[in-house]
Amino acid sequence: MTDFKKIISHAKEYGFVFPSSEIYDGLSAVYDYAQNGAALKKNIRDYWWKAMVQLHSNIVGIDAAIFMHPTTWKASGHVDAFNDPLIDNKDSKKRYRADVLVEDYCAKIEVKIEKEVKKAAKRFGESFDKAQFTSTNPRVVGYQEKIDVILKRLGQSLEKEDLADVKALIEELEIACPESGSRNWTDVKQFNLMFGTKLGASAESAMDLYLRPETAQGIFVNFLNVQKTGRMKIPFGIAQTGKAFRNEIVARQFIFRMREFEQMEMQFFVPPGTQKEWYEKWKETRLKWHLSLGMGEDNYRFHDHEKLAHYADAAADIEFKFPFGFKELEGIHSRTDFDLSSHEEFSGKKLQYFDPERNENYVPYVVETSIGLDRMFLATFSWALREETLEDGSQRTVLKLPAVLAPTKVAVLPLVKKDGLPDLAHEIVNSLKWEQAVSYDEKDAVGRRYRRQDALGTPYCITVDHQSLEDKTVTLRDRDSMEQERIAIADLSAYLDAKLNVKYWLKNS
Ligand code: GAP
């Protein structure tokens, strides 16, 4: 995988992601999506929406407001419990998330495991069995046990709110401040992550509001509205995508952890007692969605939570192998009836469902799937970016994005800027643009134009040459194999549809 710094600079150089308000030196952990980034982000969002809403007759989509009545956040538990445990280093005056310090420590042990695995794979060659090696090699088993013990203790201490033990763990592991190198730590304290703002014209009448820290609550408060107006029968789901805001203390790793980000969430309402089976089903369904993009089965793993959020009776992350190791990409949470019951209590309104099969009223249980769109962007972008050495020894930078997500699907390139080739190229653009995101490029030698499209992640290039004028064929170049084939202009639309239509990508998921 490409070096992380290179990923960030490529995202900027090729118009994917810019630091926010860069002319004022940017704003920490806030980013803008540029022309290609916005298109990639939209394609990921659409891919999710199609899989979740369009392909499920029992899931509908909504678009709730970012501002919500402030009592929402009291009911949801965010006012009291949406905290991060923070610790300050007295020498550098830097503030850290205590749990992240411990997790980073474990990630370093994981790197050691990976090194052992790599060495062994080299030694044993074809006959290497990774699963057997990692479960029997004493050094690897020892490392893994150490990680398990540390994370278990961290999970238990956080769950019990035993912040003194979290500090003790940091001290026992001799974790030093990455900035100052010192182990001179303050106590661990809780810090609420919600951004506050005000609604109203005068200071006296202004109402304190929060920017939503998750999109989910917009779904819960609309549960009955949607159920009634959509005549939905349980089990059913409500999905939405939208911005969420968190005052993250450890905001780093580019768009991995941002202060303003976008979520794609779905709450699935089920009868009480069936939540476990739906939780397993959604874990499996969501993993299949990820795998449908072809980014390698080995790059995903489940991580079951030791420390459960205040609303959950089970929770797991789908982790992805980012350039800095396996990290959470998506959460699947069994949220019980916590949210709806709590909104009933705080609003005084019933949020119940009459189940004709059970012949009873109940507050439904909820299984949620929640993925960060920006994080999915980073997973896709970082996986896709490669430096390749070609047969002739030259280098190329290529962004091997899953073709269905690529911002531009086809670039049409006249071989030269004369002899009527640009006219025919424009004709092709005009006929394909109804179905695909197409671009036109006539500047520079064609080889350089191919390289530029490779770096932008464009899966296909169509080159119009003099033969095209005679026999109405063009060359079609594949980004990944770099192979070119001659194809009739009349066949382009069907060819591209077969490669790029979402239905072929999603049909097995
Ligand atoms: N409604 C449940 C919920 O919000 P979460 O695990 O806090 O659960 C869900 O967040 C997903 O949102 C995460 O898996 C991650 O992909 C994304 N996410 C959370 N905080 C983020 C941040 N600060 N920046 C970018 N993405 C974030």
# chains A, B, ... in the order shown; residues from 1 in each chain; ligands from 1
call {"tool": "residues_near_ligand", "arguments": {"ligand": "ligand 1", "cutoff": "6 Å", "atoms": "only C-alpha atoms and all ligand atoms", "output": "PyMOL selection string"}}
result
chain A and resi 214+216+246+256-259+261+263+328-331+370-372+374-375
call {"tool": "select_by_dssp", "arguments": {"residues": "range 440-488 of chain A", "states": "strand (DSSP E)", "output": "number ranges by chain"}}
result
A: 440, 460-464, 473-478, 484-488
call {"tool": "write_last_selection", "arguments": {"atoms": "N, CA and C atoms", "output": "PDB file, in the first residue's frame"}}
result
ATOM      1  N   TYR A 440     -13.284  14.679 -21.770  1.00  0.00           N
ATOM      2  CA  TYR A 440     -12.622  14.829 -23.070  1.00  0.00           C
ATOM      3  C   TYR A 440     -11.263  15.450 -22.817  1.00  0.00           C
ATOM      4  N   TYR A 460     -11.549   3.557 -18.127  1.00  0.00           N
ATOM      5  CA  TYR A 460     -11.430   3.322 -19.575  1.00  0.00           C
ATOM      6  C   TYR A 460     -11.048   4.602 -20.314  1.00  0.00           C
ATOM      7  N   CYS A 461     -10.162   4.437 -21.307  1.00  0.00           N
ATOM      8  CA  CYS A 461      -9.856   5.526 -22.227  1.00  0.00           C
ATOM      9  C   CYS A 461     -10.225   5.084 -23.633  1.00  0.00           C
ATOM     10  N   ILE A 462     -10.890   5.963 -24.341  1.00  0.00           N
ATOM     11  CA  ILE A 462     -11.248   5.684 -25.734  1.00  0.00           C
ATOM     12  C   ILE A 462     -10.393   6.600 -26.596  1.00  0.00           C
ATOM     13  N   THR A 463      -9.643   6.014 -27.521  1.00  0.00           N
ATOM     14  CA  THR A 463      -8.818   6.852 -28.390  1.00  0.00           C
ATOM     15  C   THR A 463      -9.374   6.834 -29.813  1.00  0.00           C
ATOM     16  N   VAL A 464      -9.548   8.041 -30.327  1.00  0.00           N
ATOM     17  CA  VAL A 464     -10.076   8.211 -31.683  1.00  0.00           C
ATOM     18  C   VAL A 464      -8.888   8.487 -32.606  1.00  0.00           C
ATOM     19  N   THR A 473     -14.477   2.627 -35.721  1.00  0.00           N
ATOM     20  CA  THR A 473     -14.014   1.894 -34.532  1.00  0.00           C
ATOM     21  C   THR A 473     -13.048   2.796 -33.770  1.00  0.00           C
ATOM     22  N   VAL A 474     -12.839   2.462 -32.493  1.00  0.00           N
ATOM     23  CA  VAL A 474     -11.884   3.220 -31.666  1.00  0.00           C
ATOM     24  C   VAL A 474     -11.068   2.212 -30.856  1.00  0.00           C
ATOM     25  N   THR A 475     -10.012   2.674 -30.200  1.00  0.00           N
ATOM     26  CA  THR A 475      -9.359   1.751 -29.262  1.00  0.00           C
ATOM     27  C   THR A 475      -9.897   2.048 -27.871  1.00  0.00           C
ATOM     28  N   LEU A 476     -10.067   0.966 -27.121  1.00  0.00           N
ATOM     29  CA  LEU A 476     -10.548   1.080 -25.750  1.00  0.00           C
ATOM     30  C   LEU A 476      -9.440   0.551 -24.854  1.00  0.00           C
ATOM     31  N   ARG A 477      -8.930   1.408 -23.959  1.00  0.00           N
ATOM     32  CA  ARG A 477      -7.818   1.005 -23.093  1.00  0.00           C
ATOM     33  C   ARG A 477      -8.314   0.788 -21.679  1.00  0.00           C
ATOM     34  N   ASP A 478      -7.887  -0.367 -21.131  1.00  0.00           N
ATOM     35  CA  ASP A 478      -8.275  -0.720 -19.778  1.00  0.00           C
ATOM     36  C   ASP A 478      -7.216  -0.179 -18.805  1.00  0.00           C
ATOM     37  N   GLN A 484      -5.241  -2.706 -24.893  1.00  0.00           N
ATOM     38  CA  GLN A 484      -6.126  -1.931 -25.757  1.00  0.00           C
ATOM     39  C   GLN A 484      -6.789  -2.879 -26.738  1.00  0.00           C
ATOM     40  N   GLU A 485      -8.055  -2.633 -26.995  1.00  0.00           N
ATOM     41  CA  GLU A 485      -8.736  -3.443 -28.016  1.00  0.00           C
ATOM     42  C   GLU A 485      -9.492  -2.514 -28.948  1.00  0.00           C
ATOM     43  N   ARG A 486      -9.700  -2.999 -30.137  1.00  0.00           N
ATOM     44  CA  ARG A 486     -10.443  -2.208 -31.126  1.00  0.00           C
ATOM     45  C   ARG A 486     -11.919  -2.537 -30.961  1.00  0.00           C
ATOM     46  N   ILE A 487     -12.729  -1.536 -30.949  1.00  0.00           N
ATOM     47  CA  ILE A 487     -14.159  -1.784 -30.716  1.00  0.00           C
ATOM     48  C   ILE A 487     -14.984  -0.811 -31.558  1.00  0.00           C
ATOM     49  N   ALA A 488     -16.120  -1.285 -32.047  1.00  0.00           N
ATOM     50  CA  ALA A 488     -16.985  -0.417 -32.858  1.00  0.00           C
ATOM     51  C   ALA A 488     -17.601   0.655 -31.957  1.00  0.00           C
TER      52      ALA A 488
END
call {"tool": "residues_around", "arguments": {"residues": "Val140 in chain A", "least_positions_apart": "2", "cutoff": "9 Å", "atoms": "only C-alpha atoms", "output": "NGL selection string"}}
result
:A and (112-114 or 116-117 or 133-138 or 142-145)
call {"tool": "residues_around", "arguments": {"residues": "range 198-203 of chain A", "least_positions_apart": "5", "cutoff": "12 Å", "atoms": "only C-alpha atoms", "output": "list in words"}}
result
Phe67, Met68, His69, Pro70, Asp208, Leu209, Tyr210 and Leu211 of chain A
call {"tool": "closest_residue", "arguments": {"among": "A:Ala490, A:Leu432, A:Leu169, A:Val363", "to": "Thr408 in chain A", "atoms": "only C-alpha atoms"}}
result
A:Leu432
call {"tool": "atom_distance", "arguments": {"atom1": "CA of Met264 in chain A", "atom2": "CA of Asp80 in chain A"}}
result
24.4 Å
call {"tool": "closest_residue", "arguments": {"among": "A:Arg45, A:Gly218, A:Ala176, A:Asp454", "to": "Glu387 in chain A", "atoms": "only C-alpha atoms"}}
result
A:Asp454
call {"tool": "decode", "arguments": {"residues": "range 393-415 of chain A", "atoms": "N, CA, C and O atoms", "output": "PDB file, in the first residue's frame"}}
result
ATOM      1  N   GLY A 393      10.405  -0.767 -17.400  1.00  0.00           N
ATOM      2  CA  GLY A 393      11.150  -0.164 -16.292  1.00  0.00           C
ATOM      3  C   GLY A 393      10.607   1.191 -15.868  1.00  0.00           C
ATOM      4  O   GLY A 393      11.018   1.733 -14.844  1.00  0.00           O
ATOM      5  N   SER A 394       9.659   1.750 -16.639  1.00  0.00           N
ATOM      6  CA  SER A 394       9.112   3.062 -16.258  1.00  0.00           C
ATOM      7  C   SER A 394       8.109   2.890 -15.108  1.00  0.00           C
ATOM      8  O   SER A 394       7.617   1.788 -14.856  1.00  0.00           O
ATOM      9  N   GLN A 395       7.817   3.999 -14.456  1.00  0.00           N
ATOM     10  CA  GLN A 395       6.896   3.987 -13.309  1.00  0.00           C
ATOM     11  C   GLN A 395       5.561   4.559 -13.724  1.00  0.00           C
ATOM     12  O   GLN A 395       5.525   5.475 -14.550  1.00  0.00           O
ATOM     13  N   ARG A 396       4.485   4.052 -13.157  1.00  0.00           N
ATOM     14  CA  ARG A 396       3.223   4.780 -13.328  1.00  0.00           C
ATOM     15  C   ARG A 396       2.497   4.828 -11.988  1.00  0.00           C
ATOM     16  O   ARG A 396       2.596   3.908 -11.170  1.00  0.00           O
ATOM     17  N   THR A 397       1.785   5.932 -11.770  1.00  0.00           N
ATOM     18  CA  THR A 397       0.923   6.062 -10.601  1.00  0.00           C
ATOM     19  C   THR A 397      -0.484   5.785 -11.086  1.00  0.00           C
ATOM     20  O   THR A 397      -0.947   6.426 -12.026  1.00  0.00           O
ATOM     21  N   VAL A 398      -1.130   4.812 -10.455  1.00  0.00           N
ATOM     22  CA  VAL A 398      -2.479   4.461 -10.916  1.00  0.00           C
ATOM     23  C   VAL A 398      -3.412   4.348  -9.722  1.00  0.00           C
ATOM     24  O   VAL A 398      -3.044   3.843  -8.671  1.00  0.00           O
ATOM     25  N   LEU A 399      -4.616   4.847  -9.918  1.00  0.00           N
ATOM     26  CA  LEU A 399      -5.633   4.798  -8.871  1.00  0.00           C
ATOM     27  C   LEU A 399      -6.645   3.733  -9.299  1.00  0.00           C
ATOM     28  O   LEU A 399      -7.528   3.999 -10.111  1.00  0.00           O
ATOM     29  N   LYS A 400      -6.463   2.523  -8.743  1.00  0.00           N
ATOM     30  CA  LYS A 400      -7.284   1.392  -9.211  1.00  0.00           C
ATOM     31  C   LYS A 400      -8.625   1.345  -8.467  1.00  0.00           C
ATOM     32  O   LYS A 400      -8.978   0.330  -7.838  1.00  0.00           O
ATOM     33  N   LEU A 401      -9.348   2.444  -8.537  1.00  0.00           N
ATOM     34  CA  LEU A 401     -10.648   2.506  -7.862  1.00  0.00           C
ATOM     35  C   LEU A 401     -11.570   1.446  -8.441  1.00  0.00           C
ATOM     36  O   LEU A 401     -11.522   1.195  -9.654  1.00  0.00           O
ATOM     37  N   PRO A 402     -12.429   0.829  -7.599  1.00  0.00           N
ATOM     38  CA  PRO A 402     -13.457  -0.028  -8.176  1.00  0.00           C
ATOM     39  C   PRO A 402     -14.165   0.789  -9.270  1.00  0.00           C
ATOM     40  O   PRO A 402     -14.606   1.920  -9.010  1.00  0.00           O
ATOM     41  N   ALA A 403     -14.235   0.236 -10.489  1.00  0.00           N
ATOM     42  CA  ALA A 403     -14.692   1.040 -11.635  1.00  0.00           C
ATOM     43  C   ALA A 403     -16.062   1.670 -11.385  1.00  0.00           C
ATOM     44  O   ALA A 403     -16.321   2.794 -11.808  1.00  0.00           O
ATOM     45  N   VAL A 404     -16.908   0.958 -10.652  1.00  0.00           N
ATOM     46  CA  VAL A 404     -18.264   1.473 -10.422  1.00  0.00           C
ATOM     47  C   VAL A 404     -18.245   2.776  -9.609  1.00  0.00           C
ATOM     48  O   VAL A 404     -19.187   3.567  -9.675  1.00  0.00           O
ATOM     49  N   LEU A 405     -17.168   3.009  -8.867  1.00  0.00           N
ATOM     50  CA  LEU A 405     -17.089   4.213  -8.026  1.00  0.00           C
ATOM     51  C   LEU A 405     -16.278   5.343  -8.657  1.00  0.00           C
ATOM     52  O   LEU A 405     -16.282   6.468  -8.153  1.00  0.00           O
ATOM     53  N   ALA A 406     -15.577   5.047  -9.738  1.00  0.00           N
ATOM     54  CA  ALA A 406     -14.647   6.038 -10.300  1.00  0.00           C
ATOM     55  C   ALA A 406     -15.378   7.335 -10.655  1.00  0.00           C
ATOM     56  O   ALA A 406     -16.484   7.303 -11.184  1.00  0.00           O
ATOM     57  N   PRO A 407     -14.753   8.508 -10.364  1.00  0.00           N
ATOM     58  CA  PRO A 407     -15.419   9.785 -10.645  1.00  0.00           C
ATOM     59  C   PRO A 407     -15.699   9.955 -12.132  1.00  0.00           C
ATOM     60  O   PRO A 407     -16.757  10.413 -12.519  1.00  0.00           O
ATOM     61  N   THR A 408     -14.721   9.611 -12.956  1.00  0.00           N
ATOM     62  CA  THR A 408     -14.919   9.652 -14.408  1.00  0.00           C
ATOM     63  C   THR A 408     -14.798   8.222 -14.899  1.00  0.00           C
ATOM     64  O   THR A 408     -13.848   7.523 -14.548  1.00  0.00           O
ATOM     65  N   LYS A 409     -15.757   7.804 -15.681  1.00  0.00           N
ATOM     66  CA  LYS A 409     -15.743   6.397 -16.112  1.00  0.00           C
ATOM     67  C   LYS A 409     -14.952   6.224 -17.411  1.00  0.00           C
ATOM     68  O   LYS A 409     -14.315   5.205 -17.612  1.00  0.00           O
ATOM     69  N   VAL A 410     -15.059   7.216 -18.286  1.00  0.00           N
ATOM     70  CA  VAL A 410     -14.423   7.102 -19.592  1.00  0.00           C
ATOM     71  C   VAL A 410     -13.834   8.455 -19.986  1.00  0.00           C
ATOM     72  O   VAL A 410     -14.484   9.487 -19.835  1.00  0.00           O
ATOM     73  N   ALA A 411     -12.598   8.405 -20.521  1.00  0.00           N
ATOM     74  CA  ALA A 411     -12.022   9.623 -21.102  1.00  0.00           C
ATOM     75  C   ALA A 411     -11.916   9.396 -22.603  1.00  0.00           C
ATOM     76  O   ALA A 411     -11.440   8.334 -23.032  1.00  0.00           O
ATOM     77  N   VAL A 412     -12.368  10.370 -23.364  1.00  0.00           N
ATOM     78  CA  VAL A 412     -12.303  10.236 -24.822  1.00  0.00           C
ATOM     79  C   VAL A 412     -11.181  11.136 -25.330  1.00  0.00           C
ATOM     80  O   VAL A 412     -11.150  12.339 -25.030  1.00  0.00           O
ATOM     81  N   LEU A 413     -10.236  10.530 -26.065  1.00  0.00           N
ATOM     82  CA  LEU A 413      -9.011  11.232 -26.440  1.00  0.00           C
ATOM     83  C   LEU A 413      -8.808  11.174 -27.957  1.00  0.00           C
ATOM     84  O   LEU A 413      -8.567  10.082 -28.489  1.00  0.00           O
ATOM     85  N   PRO A 414      -8.881  12.306 -28.654  1.00  0.00           N
ATOM     86  CA  PRO A 414      -8.495  12.269 -30.063  1.00  0.00           C
ATOM     87  C   PRO A 414      -6.975  12.132 -30.144  1.00  0.00           C
ATOM     88  O   PRO A 414      -6.271  12.806 -29.396  1.00  0.00           O
ATOM     89  N   LEU A 415      -6.507  11.273 -31.037  1.00  0.00           N
ATOM     90  CA  LEU A 415      -5.061  11.041 -31.118  1.00  0.00           C
ATOM     91  C   LEU A 415      -4.311  12.335 -31.425  1.00  0.00           C
ATOM     92  O   LEU A 415      -3.275  12.620 -30.841  1.00  0.00           O
TER      93      LEU A 415
END
